[in-house]
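What follows is upload15.txt (compact mmCIF, C-alpha atoms).
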# COMPACT_ATOMS: atom_id res chain seq x y z
CA MET A 2 -43.00 114.27 127.35
CA ARG A 3 -41.55 117.75 127.17
CA ASN A 4 -40.03 119.17 124.00
CA ILE A 5 -37.54 121.84 125.04
CA SER A 6 -36.01 123.81 122.18
CA ALA A 7 -32.28 124.31 121.93
CA THR A 8 -32.82 128.03 121.35
CA LYS A 9 -35.55 130.58 120.58
CA PRO A 10 -35.50 134.20 119.42
CA THR A 11 -37.23 136.78 121.62
CA PHE A 12 -39.44 139.59 120.28
CA ASN A 13 -42.03 141.22 122.54
CA ILE A 14 -45.29 142.76 121.32
CA LYS A 15 -43.77 146.27 121.16
CA ASP A 16 -40.94 144.93 119.00
CA ILE A 17 -43.38 143.19 116.68
CA ASP A 18 -45.57 146.30 116.38
CA TYR A 19 -42.54 148.50 115.61
CA ILE A 20 -41.06 146.11 113.05
CA THR A 21 -44.36 145.47 111.23
CA GLU A 22 -45.32 149.16 111.19
CA LYS A 23 -41.96 150.31 109.80
CA PHE A 24 -41.73 147.42 107.34
CA LYS A 25 -45.25 148.14 106.11
CA ASP A 26 -44.13 151.72 105.43
CA ILE A 27 -41.14 150.38 103.47
CA LEU A 28 -43.35 148.00 101.48
CA GLU A 29 -45.67 150.89 100.62
CA GLY A 30 -42.75 152.56 98.85
CA ASN A 31 -41.93 155.24 101.42
CA SER A 32 -38.37 154.05 101.90
CA PHE A 33 -35.96 151.54 100.37
CA LEU A 34 -35.82 147.76 100.91
CA SER A 35 -32.05 147.34 101.16
CA GLN A 36 -29.25 149.09 103.13
CA PHE A 37 -30.81 152.46 103.77
CA LYS A 38 -31.78 154.67 106.70
CA TYR A 39 -32.61 151.92 109.19
CA SER A 40 -29.33 150.14 108.51
CA GLU A 41 -27.53 153.41 109.17
CA GLU A 42 -29.50 153.92 112.38
CA PHE A 43 -28.64 150.39 113.50
CA GLU A 44 -24.96 150.98 112.75
CA GLU A 45 -24.89 154.17 114.81
CA LYS A 46 -26.70 152.64 117.78
CA PHE A 47 -24.60 149.46 117.71
CA ALA A 48 -21.34 151.44 117.64
CA ASN A 49 -22.56 153.46 120.61
CA TYR A 50 -23.40 150.27 122.49
CA ILE A 51 -20.00 148.67 121.84
CA GLY A 52 -18.14 151.93 122.43
CA THR A 53 -16.45 152.26 119.02
CA ASN A 54 -16.52 155.18 116.62
CA PHE A 55 -17.90 153.20 113.69
CA ALA A 56 -19.93 150.14 112.73
CA VAL A 57 -20.55 148.58 109.32
CA SER A 58 -23.66 146.46 108.85
CA CYS A 59 -23.74 143.53 106.44
CA ASN A 60 -25.66 140.35 105.67
CA SER A 61 -23.89 137.85 107.96
CA GLY A 62 -21.22 137.39 110.59
CA THR A 63 -19.12 135.59 107.99
CA SER A 64 -19.30 138.64 105.71
CA ALA A 65 -18.32 140.85 108.64
CA LEU A 66 -15.12 138.85 109.17
CA GLU A 67 -14.25 138.73 105.49
CA LEU A 68 -14.80 142.49 105.21
CA ILE A 69 -12.25 142.95 107.99
CA PHE A 70 -9.69 140.57 106.50
CA ARG A 71 -10.02 142.10 103.04
CA ALA A 72 -9.81 145.62 104.43
CA ILE A 73 -6.59 144.93 106.37
CA GLU A 74 -5.19 143.17 103.27
CA ILE A 75 -4.18 139.74 104.54
CA LYS A 76 -3.60 138.26 101.08
CA GLY A 77 -0.51 136.04 101.13
CA LYS A 78 -0.15 136.41 104.91
CA GLU A 79 -0.88 134.22 107.93
CA VAL A 80 -3.67 134.66 110.46
CA ILE A 81 -3.57 132.74 113.75
CA LEU A 82 -6.94 131.53 115.02
CA PRO A 83 -8.36 128.85 117.31
CA SER A 84 -9.23 125.47 115.83
CA ASN A 85 -12.35 125.24 118.01
CA THR A 86 -14.41 127.74 116.05
CA PHE A 87 -17.08 127.66 113.39
CA ILE A 88 -15.72 127.13 109.88
CA ALA A 89 -16.80 130.66 108.92
CA THR A 90 -13.78 132.08 110.77
CA ALA A 91 -11.34 130.10 108.65
CA ASN A 92 -13.40 130.56 105.48
CA ALA A 93 -13.24 134.34 105.85
CA ILE A 94 -9.45 134.19 106.12
CA ILE A 95 -9.07 131.87 103.12
CA ASN A 96 -11.55 133.79 100.95
CA ALA A 97 -9.63 137.00 101.70
CA GLY A 98 -6.44 135.33 100.45
CA GLY A 99 -4.86 134.57 103.81
CA LYS A 100 -3.57 131.35 105.37
CA PRO A 101 -5.17 130.08 108.60
CA ILE A 102 -2.78 128.90 111.32
CA PHE A 103 -4.51 126.92 114.06
CA ALA A 104 -3.56 127.42 117.72
CA ASP A 105 -4.53 125.55 120.87
CA CYS A 106 -6.95 126.80 123.51
CA ASN A 107 -7.03 127.25 127.27
CA GLU A 108 -9.22 125.32 129.68
CA ASP A 109 -11.89 128.00 129.08
CA MET A 110 -11.94 127.00 125.36
CA CYS A 111 -10.53 130.38 124.24
CA LEU A 112 -7.16 130.94 122.55
CA ASP A 113 -4.10 130.07 124.61
CA PHE A 114 -1.61 132.95 124.76
CA ASP A 115 1.56 130.84 124.71
CA SER A 116 0.31 128.64 121.87
CA VAL A 117 -0.40 131.74 119.77
CA ILE A 118 2.95 133.41 120.54
CA SER A 119 4.81 130.26 119.51
CA LEU A 120 3.24 130.46 116.03
CA ILE A 121 4.00 134.11 115.26
CA ASN A 122 6.54 134.76 112.50
CA LYS A 123 7.41 137.49 110.01
CA ASN A 124 4.45 136.44 107.83
CA THR A 125 1.88 136.85 110.64
CA ILE A 126 -0.44 139.75 109.83
CA ALA A 127 -3.22 139.14 112.36
CA ILE A 128 -4.45 137.16 115.33
CA CYS A 129 -8.15 136.34 115.28
CA HIS A 130 -9.49 135.70 118.75
CA VAL A 131 -12.88 133.96 119.02
CA HIS A 132 -14.96 134.74 122.11
CA ILE A 133 -16.22 131.17 122.49
CA GLY A 134 -19.68 130.92 124.03
CA GLY A 135 -19.68 134.69 124.52
CA LEU A 136 -16.81 134.58 127.02
CA VAL A 137 -14.17 137.35 126.91
CA SER A 138 -11.18 135.53 128.40
CA ASP A 139 -8.13 136.94 130.13
CA SER A 140 -6.09 135.70 127.16
CA ALA A 141 -8.12 137.97 124.86
CA LEU A 142 -6.97 141.02 126.80
CA LYS A 143 -3.39 139.77 126.94
CA LEU A 144 -3.28 139.06 123.21
CA SER A 145 -4.91 142.40 122.42
CA ASP A 146 -2.17 144.22 124.35
CA TYR A 147 0.56 142.08 122.75
CA CYS A 148 -0.70 142.86 119.25
CA LEU A 149 -0.81 146.59 119.97
CA GLU A 150 2.78 146.51 121.22
CA ASN A 151 4.03 144.42 118.27
CA ASN A 152 2.12 145.99 115.37
CA ILE A 153 -0.03 142.92 114.66
CA ASN A 154 -3.70 143.26 113.79
CA PHE A 155 -5.93 141.95 116.58
CA VAL A 156 -9.27 140.87 115.11
CA GLU A 157 -12.17 139.68 117.25
CA ASP A 158 -14.60 137.05 116.08
CA ALA A 159 -17.28 138.37 118.43
CA ALA A 160 -20.10 136.43 116.77
CA GLN A 161 -21.27 135.12 120.17
CA ALA A 162 -20.15 137.92 122.47
CA HIS A 163 -22.75 140.72 122.27
CA GLY A 164 -22.59 142.61 125.57
CA SER A 165 -19.74 140.62 127.12
CA SER A 166 -16.67 142.32 128.59
CA ASN A 167 -13.60 141.77 130.76
CA MET A 168 -11.98 144.36 133.03
CA GLY A 169 -14.45 146.87 131.61
CA ARG A 170 -13.20 146.24 128.06
CA LYS A 171 -16.11 145.27 125.88
CA ALA A 172 -16.11 142.58 123.19
CA GLY A 173 -15.90 144.40 119.88
CA SER A 174 -13.55 147.12 121.11
CA LEU A 175 -10.30 145.24 121.77
CA GLY A 176 -8.54 145.45 118.42
CA ILE A 177 -8.45 146.83 114.90
CA ALA A 178 -11.95 145.52 114.14
CA SER A 179 -14.49 142.94 115.27
CA GLY A 180 -17.11 140.83 113.51
CA PHE A 181 -20.52 140.17 115.09
CA SER A 182 -23.22 137.77 113.93
CA PHE A 183 -26.98 138.24 114.26
CA PHE A 184 -27.88 134.70 113.20
CA SER A 185 -31.09 133.27 114.63
CA THR A 186 -29.39 131.57 117.60
CA LYS A 187 -27.44 134.59 118.85
CA VAL A 188 -28.04 136.73 121.97
CA MET A 189 -29.55 139.33 119.65
CA THR A 190 -30.76 138.38 116.19
CA THR A 191 -31.90 139.73 112.85
CA GLY A 192 -32.41 136.24 111.41
CA GLU A 193 -29.38 136.68 109.19
CA GLY A 194 -27.03 139.62 109.53
CA GLY A 195 -23.68 140.87 110.72
CA MET A 196 -21.81 143.95 111.91
CA VAL A 197 -18.22 145.15 112.07
CA SER A 198 -17.20 147.45 114.91
CA THR A 199 -14.03 149.53 114.62
CA ASN A 200 -12.40 152.84 115.52
CA ASP A 201 -10.61 153.07 112.17
CA GLU A 202 -12.30 155.48 109.76
CA LYS A 203 -10.25 154.42 106.71
CA LEU A 204 -11.16 150.77 107.29
CA THR A 205 -14.80 151.76 107.64
CA ILE A 206 -14.80 153.55 104.28
CA ARG A 207 -13.06 150.58 102.66
CA MET A 208 -15.48 148.04 104.13
CA LYS A 209 -18.56 150.03 103.12
CA SER A 210 -17.23 150.01 99.57
CA LEU A 211 -16.40 146.29 99.65
CA ARG A 212 -19.89 145.33 100.85
CA GLU A 213 -21.32 147.00 97.72
CA PHE A 214 -19.25 145.58 94.86
CA GLY A 215 -16.20 147.72 95.64
CA LYS A 216 -17.74 150.91 94.35
CA ILE A 217 -17.41 154.52 95.50
CA LYS A 218 -19.21 157.71 94.56
CA LYS A 219 -17.34 159.84 92.04
CA GLY A 220 -19.13 162.90 90.76
CA ILE A 221 -22.37 161.83 89.10
CA PHE A 222 -21.17 158.21 88.86
CA THR A 223 -22.68 155.77 91.33
CA ASN A 224 -21.06 152.71 89.73
CA TYR A 225 -17.37 153.59 89.95
CA HIS A 226 -15.44 150.50 91.12
CA THR A 227 -12.03 150.65 92.75
CA SER A 228 -11.87 147.09 94.12
CA LEU A 229 -13.50 143.68 93.75
CA GLY A 230 -16.30 143.59 96.27
CA TYR A 231 -19.49 141.69 96.92
CA ASN A 232 -23.17 142.20 97.60
CA TRP A 233 -23.04 142.03 101.40
CA ARG A 234 -25.71 144.64 102.12
CA MET A 235 -28.10 144.32 105.07
CA PRO A 236 -31.83 144.34 104.22
CA GLU A 237 -33.78 147.10 105.95
CA VAL A 238 -36.14 144.65 107.65
CA SER A 239 -33.10 143.02 109.29
CA ALA A 240 -31.99 146.43 110.54
CA LEU A 241 -35.46 147.01 112.00
CA MET A 242 -35.13 143.79 113.99
CA GLY A 243 -31.62 144.75 115.06
CA ILE A 244 -32.70 148.16 116.35
CA ARG A 245 -35.35 146.55 118.56
CA GLN A 246 -33.11 143.69 119.73
CA LEU A 247 -30.46 146.20 120.77
CA LEU A 248 -33.03 147.93 122.98
CA GLU A 249 -33.62 144.64 124.79
CA ILE A 250 -30.13 143.19 124.92
CA GLU A 251 -29.49 144.01 128.57
CA ASN A 252 -32.75 142.29 129.51
CA PHE A 253 -31.76 139.28 127.39
CA ILE A 254 -28.43 139.02 129.20
CA ASN A 255 -30.08 139.30 132.62
CA ASP A 256 -32.60 136.58 131.70
CA ARG A 257 -29.79 134.32 130.51
CA GLN A 258 -27.93 134.93 133.77
CA ASN A 259 -31.01 133.84 135.71
CA ILE A 260 -31.13 130.54 133.81
CA SER A 261 -27.39 130.08 134.33
CA ASN A 262 -27.88 130.63 138.08
CA ILE A 263 -30.50 127.85 138.16
CA TYR A 264 -28.14 125.46 136.39
CA ASP A 265 -25.35 126.41 138.79
CA SER A 266 -27.54 125.73 141.82
CA PHE A 267 -28.08 122.15 140.65
CA LEU A 268 -24.83 121.28 138.87
CA SER A 269 -21.95 123.10 140.54
CA ASN A 270 -20.97 120.22 142.83
CA ILE A 271 -21.62 117.21 140.61
CA ASP A 272 -18.65 114.86 140.39
CA GLY A 273 -17.22 114.12 136.96
CA ILE A 274 -18.23 117.35 135.24
CA ARG A 275 -16.76 120.84 135.02
CA ILE A 276 -18.62 124.02 134.10
CA ILE A 277 -16.79 126.59 131.97
CA ARG A 278 -16.63 129.78 134.04
CA PRO A 279 -15.83 133.35 132.98
CA SER A 280 -13.09 135.33 134.73
CA PRO A 281 -14.32 136.87 138.00
CA GLN A 282 -13.73 140.42 136.71
CA SER A 283 -15.63 139.82 133.46
CA ARG A 284 -19.22 140.27 132.42
CA PHE A 285 -20.52 137.19 130.58
CA ASN A 286 -23.57 137.29 128.29
CA ASN A 287 -24.20 133.56 128.91
CA PHE A 288 -24.62 132.78 125.24
CA LYS A 289 -23.61 129.21 126.07
CA TYR A 290 -23.74 127.15 129.25
CA ILE A 291 -20.84 124.78 128.64
CA ILE A 292 -20.25 121.60 130.63
CA ILE A 293 -17.13 119.46 130.29
CA LEU A 294 -18.01 115.78 130.77
CA GLU A 295 -14.76 114.69 132.37
CA GLU A 296 -15.86 111.14 133.22
CA PHE A 297 -18.80 110.50 130.89
CA ASP A 298 -19.50 109.52 127.29
CA ARG A 299 -20.85 112.55 125.43
CA GLN A 300 -22.83 110.68 122.82
CA ALA A 301 -24.64 108.64 125.46
CA ILE A 302 -25.46 111.75 127.51
CA HIS A 303 -26.64 113.63 124.42
CA GLN A 304 -28.94 110.81 123.35
CA ALA A 305 -30.31 110.30 126.87
CA LEU A 306 -31.20 113.98 127.14
CA GLN A 307 -32.93 113.84 123.76
CA LYS A 308 -35.08 110.95 125.00
CA LYS A 309 -36.25 113.25 127.80
CA GLY A 310 -37.27 115.92 125.28
CA ILE A 311 -34.23 118.13 125.85
CA ASN A 312 -32.58 119.50 122.70
CA LEU A 313 -29.05 120.59 123.48
CA SER A 314 -27.70 123.92 122.31
CA GLY A 315 -25.10 123.73 119.53
CA TYR A 316 -21.56 122.61 120.33
CA VAL A 317 -18.60 125.03 120.32
CA TYR A 318 -17.45 122.95 118.53
CA GLU A 319 -17.90 119.17 118.32
CA LEU A 320 -14.99 118.63 115.90
CA PRO A 321 -12.13 121.16 115.71
CA LEU A 322 -11.28 122.59 112.32
CA HIS A 323 -7.84 120.97 112.13
CA LYS A 324 -9.59 117.57 112.23
CA GLN A 325 -12.23 118.40 109.61
CA PRO A 326 -12.05 116.66 106.20
CA ILE A 327 -11.94 119.99 104.36
CA PHE A 328 -8.69 120.87 106.20
CA ASP A 329 -6.93 117.57 105.57
CA LEU A 330 -3.55 119.32 105.29
CA TYR A 331 -3.84 120.13 108.99
CA ASN A 332 -5.20 116.76 110.18
CA ASN A 333 -1.85 115.63 111.61
CA ILE A 334 -1.15 118.63 113.83
CA SER A 335 -1.66 118.17 117.58
CA LEU A 336 -3.73 120.60 119.67
CA PRO A 337 -4.38 118.43 122.74
CA ILE A 338 -6.50 120.76 124.88
CA THR A 339 -8.67 121.71 121.92
CA GLU A 340 -9.14 118.07 120.92
CA TYR A 341 -10.10 117.04 124.45
CA LEU A 342 -12.53 119.87 125.16
CA CYS A 343 -14.22 119.67 121.77
CA ALA A 344 -14.82 115.96 122.33
CA GLN A 345 -16.01 116.20 125.94
CA HIS A 346 -18.44 119.13 126.18
CA ILE A 347 -22.16 119.76 125.87
CA CYS A 348 -24.12 123.02 125.93
CA LEU A 349 -27.43 123.17 127.79
CA PRO A 350 -30.36 125.16 126.36
CA ILE A 351 -30.23 128.80 127.48
CA TYR A 352 -32.40 131.66 126.22
CA PRO A 353 -34.62 134.38 127.75
CA THR A 354 -37.95 132.58 127.37
CA LEU A 355 -36.73 129.28 128.82
CA SER A 356 -38.88 128.82 131.93
CA GLU A 357 -37.43 128.26 135.40
CA ASP A 358 -39.39 125.01 135.54
CA ASP A 359 -37.79 123.78 132.32
CA ALA A 360 -34.32 124.83 133.54
CA GLU A 361 -34.88 122.81 136.74
CA TYR A 362 -36.16 119.85 134.71
CA ILE A 363 -33.06 119.98 132.46
CA SER A 364 -30.78 120.07 135.51
CA GLN A 365 -32.54 117.23 137.30
CA SER A 366 -32.62 115.15 134.11
CA LEU A 367 -28.89 115.58 133.58
CA ILE A 368 -28.15 114.62 137.18
CA GLU A 369 -30.31 111.51 136.84
CA ILE A 370 -28.61 110.50 133.58
CA LEU A 371 -25.13 111.04 135.01
CA SER A 372 -25.93 109.00 138.10
CA ASN A 373 -27.09 106.10 135.92
CA ASP A 374 -24.19 106.24 133.49
I need this file expressed as structure tokens, please.
Amino acid sequence: MRNISATKPTFNIKDIDYITEKFKDILEGNSFLSQFKYSEEFEEKFANYIGTNFAVSCNSGTSALELIFRAIEIKGKEVILPSNTFIATANAIINAGGKPIFADCNEDMCLDFDSVISLINKNTIAICHVHIGGLVSDSALKLSDYCLENNINFVEDAAQAHGSSNMGRKAGSLGIASGFSFFSTKVMTTGEGGMVSTNDEKLTIRMKSLREFGKIKKGIFTNYHTSLGYNWRMPEVSALMGIRQLLEIENFINDRQNISNIYDSFLSNIDGIRIIRPSPQSRFNNFKYIIILEEFDRQAIHQALQKKGINLSGYVYELPLHKQPIFDLYNNISLPITEYLCAQHICLPIYPTLSEDDAEYISQSLIEILSND
């Protein structure tokens, strides 16, 4: 029986040679282990790729979001976000002193414009849009424009959206700042790591201070603290991986598109399911291949696929935040589209090294399971 992984990182031999050579040089004492020249190089190259003036590297996507929320000073204010997101989005808001306000989503699983607008009040300081599955929705552009016109901070949780865009507007460049993740499952990875992209120089200075215990340089003093910060620095070996992954990201996206095309060729006309599609004018990085099981039991389908050696990619997300035990104060609110889509979707494996044969096997297996359900 096959054993198909849910996800795999991709490093070619040139990447491995570069990373090991440079890291060996660091280990021999010719550079510094943490947040040094390679992190700065990664920041510069990532900002150029996204199309922003600045980027701030850090140790996780969660840290990237909290850096943003602390820098724009959300303490005591409300931030509207989707409920179908990873808990890190809400954690970053809460840890920065803000209050999360959960909104419903569209049929594409991204924030619904009207739901968000209905929740805005005088205490709203920001809207945090999550590019679910890597998809930059039409609502993201609409909300970005609304925030600009109404002096509300538009923050992107772009953890899954490396390289995605809509109407030529790239994820990471739509608002005041954006947080990216380089966790092991992402389109590009450093194992653990994160990055903020922004055009705001003052925010950049503030975030670089916050990621290093809130200190700034003052004369001969290197430990002069003006705020309460954290140790959110990026290790240099992570930056080395990031530099090489960034070189390959367009190839990664093309490879993911090829796998998506195979799935489409088998699954596009199957009754009882719906595939989440990006807007026609957008460019989708295919981080997730999301299927809505409109007439099938998800648990049964999941278990049947596992029996065939197919490990599904992670949900986005299986239980919305407003129904999680940790957010019991929100358990009684109703977000019907979110609740339905979270309960009815699966994500097929999709990554550059997934073979065409395995993609066909996954498709045929799913069809067989659905026909027997």
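Between Arg278 (chain A) and the candidates A:Asn152, A:Asn373, A:Ser228, A:Ser138, the tightest atom-to-atom separation, counting only C-alpha atoms, involves A:Ser138.
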Separation of CA of Ser366 (chain A) and CA of Lys309 (chain A), in Å? 7.5 Å
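The shortest atom-to-atom distance to Lys78 (chain A), with only C-alpha atoms taken into account, belongs to A:Ile153 out of A:Asn252, A:Ile153, A:Ala160, A:Glu29.
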What gap, in Å, lies between CA of Asp359 (chain A) and CA of Phe288 (chain A)? 17.5 Å
I want to know what sits within 12 Å of region 4-8 of chain A, based on all atoms listed in the file, with residues of the same chain fewer than 4 positions away left out; could you give that as a ChimeraX atom specification? /A:184-190,257,288-290,306-316,347-356,358-360,362-363
Which residues are close to Met235 (chain A), i.e. within 9 Å by only C-alpha atoms, leaving aside same-chain residues fewer than 5 positions away? Reply as a list of chain:residue names. A:Ser35, A:Gln36, A:Phe37, A:Ser40, A:Ser58, A:Cys59, A:Asn60, A:Ser61, A:Glu193, A:Gly194, A:Gly195, A:Ala240
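The two atoms in question, CA of Thr227 (chain A) and CA of Ala72 (chain A), are spaced 12.9 Å apart.
The nearest approach to Gly134 (chain A) among the residues A:Ala93, A:Asn286, A:Leu28, A:Tyr147, with all atoms listed in the file taken into account, belongs to A:Asn286.
Compared by their closest atoms to Met168 (chain A), and using all atoms listed in the file, the residues A:Gly230, A:Pro279, A:Pro321, A:Pro326 rank with A:Pro279 nearest.
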Write out as a VMD selection string each polymer residue whose atoms come within 9 Å of Ile51 (chain A), counting only C-alpha atoms; drop sequence neighbours fewer than 4 positions from it. chain A and resid 46 to 47 163 to 164 171 to 174 198
Dump C-alpha atoms for the selected residues as a compact mmCIF listing (two decimals), in the coordinates of the input?
# COMPACT_ATOMS: atom_id res chain seq x y z
CA LYS A 46 -26.70 152.64 117.78
CA PHE A 47 -24.60 149.46 117.71
CA HIS A 163 -22.75 140.72 122.27
CA GLY A 164 -22.59 142.61 125.57
CA LYS A 171 -16.11 145.27 125.88
CA ALA A 172 -16.11 142.58 123.19
CA GLY A 173 -15.90 144.40 119.88
CA SER A 174 -13.55 147.12 121.11
CA SER A 198 -17.20 147.45 114.91
Enumerate, as a ChimeraX atom specification, the protein, DNA and RNA residues whose atoms approach (-12.8, 129.2, 119.2) to within 12 Å, taking into account all atoms listed in the file and the coordinate frame of the file. /A:81-91,103-113,129-138,141,157-162,316-323,338-340,342-343
Shell of 9 Å around Leu211 (chain A), all atoms listed in the file, local chain residues under 4 positions omitted, as an NGL selection string: :A and (68 or 71-72 or 206-207 or 215-216 or 228-233)
Next, write the just-selected residues to a file, as an mmCIF file, in the coordinates of the input, keeping C-alpha atoms as the atom set.
data_model
loop_
_atom_site.group_PDB
_atom_site.id
_atom_site.type_symbol
_atom_site.label_atom_id
_atom_site.label_comp_id
_atom_site.auth_asym_id
_atom_site.auth_seq_id
_atom_site.Cartn_x
_atom_site.Cartn_y
_atom_site.Cartn_z
ATOM 1 C CA LEU A 68 -14.800 142.490 105.210
ATOM 2 C CA ARG A 71 -10.020 142.100 103.040
ATOM 3 C CA ALA A 72 -9.810 145.620 104.430
ATOM 4 C CA ILE A 206 -14.800 153.550 104.280
ATOM 5 C CA ARG A 207 -13.060 150.580 102.660
ATOM 6 C CA GLY A 215 -16.200 147.720 95.640
ATOM 7 C CA LYS A 216 -17.740 150.910 94.350
ATOM 8 C CA SER A 228 -11.870 147.090 94.120
ATOM 9 C CA LEU A 229 -13.500 143.680 93.750
ATOM 10 C CA GLY A 230 -16.300 143.590 96.270
ATOM 11 C CA TYR A 231 -19.490 141.690 96.920
ATOM 12 C CA ASN A 232 -23.170 142.200 97.600
ATOM 13 C CA TRP A 233 -23.040 142.030 101.400
#
Using only C-alpha atoms, can you list as a PyMOL selection string the residues within 10 Å of (-6.9, 135.0, 109.3)? chain A and resi 66-67+69-71+75-76+78-82+90-103+125-130+154+156
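Shortest atom-to-atom contact with Ile271 (chain A) among A:Ser372, A:Gln258, A:Thr205, A:Asn333: A:Ser372, counting only C-alpha atoms.
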Which residues are near Glu237 (chain A)? Cut-off 10 Å, all atoms listed in the file, ignore same chain within fewer than 3 positions. Put them as a PyMOL selection string. chain A and resi 23-24+27+32-41+43+234+240-243
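Proximity of A:Glu150, A:Ile334, A:Ala178, A:Thr191 to Val238 (chain A), computed with all atoms listed in the file, is greatest for A:Thr191.
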Since the input lacks some atoms of region 83-98 of chain A, please model N, CA and C atoms and print them as a tab-separated table (two decimals), in the frame of the given file.
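Result file out-v6.tsv:
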chain	number	residue	atom	x	y	z
A	83	PRO	N	-8.12	130.12	116.62
A	83	PRO	CA	-8.36	128.85	117.31
A	83	PRO	C	-8.91	127.81	116.35
A	84	SER	N	-8.66	126.55	116.64
A	84	SER	CA	-9.23	125.47	115.83
A	84	SER	C	-10.65	125.16	116.27
A	85	ASN	N	-10.98	125.45	117.54
A	85	ASN	CA	-12.35	125.24	118.01
A	85	ASN	C	-13.18	126.50	117.75
A	86	THR	N	-13.55	126.65	116.48
A	86	THR	CA	-14.41	127.74	116.05
A	86	THR	C	-15.24	127.25	114.89
A	87	PHE	N	-16.28	128.01	114.56
A	87	PHE	CA	-17.08	127.66	113.39
A	87	PHE	C	-16.25	127.87	112.12
A	88	ILE	N	-16.53	127.10	111.11
A	88	ILE	CA	-15.72	127.13	109.88
A	88	ILE	C	-15.73	128.50	109.22
A	89	ALA	N	-16.73	129.32	109.52
A	89	ALA	CA	-16.80	130.66	108.92
A	89	ALA	C	-15.57	131.50	109.22
A	90	THR	N	-14.98	131.31	110.41
A	90	THR	CA	-13.78	132.08	110.77
A	90	THR	C	-12.64	131.78	109.81
A	91	ALA	N	-12.40	130.50	109.57
A	91	ALA	CA	-11.34	130.10	108.65
A	91	ALA	C	-11.70	130.44	107.20
A	92	ASN	N	-12.97	130.23	106.84
A	92	ASN	CA	-13.40	130.56	105.48
A	92	ASN	C	-13.13	132.02	105.14
A	93	ALA	N	-13.43	132.90	106.09
A	93	ALA	CA	-13.24	134.34	105.85
A	93	ALA	C	-11.77	134.65	105.59
A	94	ILE	N	-10.89	133.98	106.32
A	94	ILE	CA	-9.45	134.19	106.12
A	94	ILE	C	-9.03	133.68	104.74
A	95	ILE	N	-9.45	132.47	104.40
A	95	ILE	CA	-9.07	131.87	103.12
A	95	ILE	C	-9.64	132.66	101.95
A	96	ASN	N	-10.91	133.05	102.04
A	96	ASN	CA	-11.55	133.79	100.95
A	96	ASN	C	-10.94	135.17	100.76
A	97	ALA	N	-10.31	135.71	101.82
A	97	ALA	CA	-9.63	137.00	101.70
A	97	ALA	C	-8.18	136.84	101.25
A	98	GLY	N	-7.77	135.58	100.99
A	98	GLY	CA	-6.44	135.33	100.45
A	98	GLY	C	-5.38	135.03	101.50
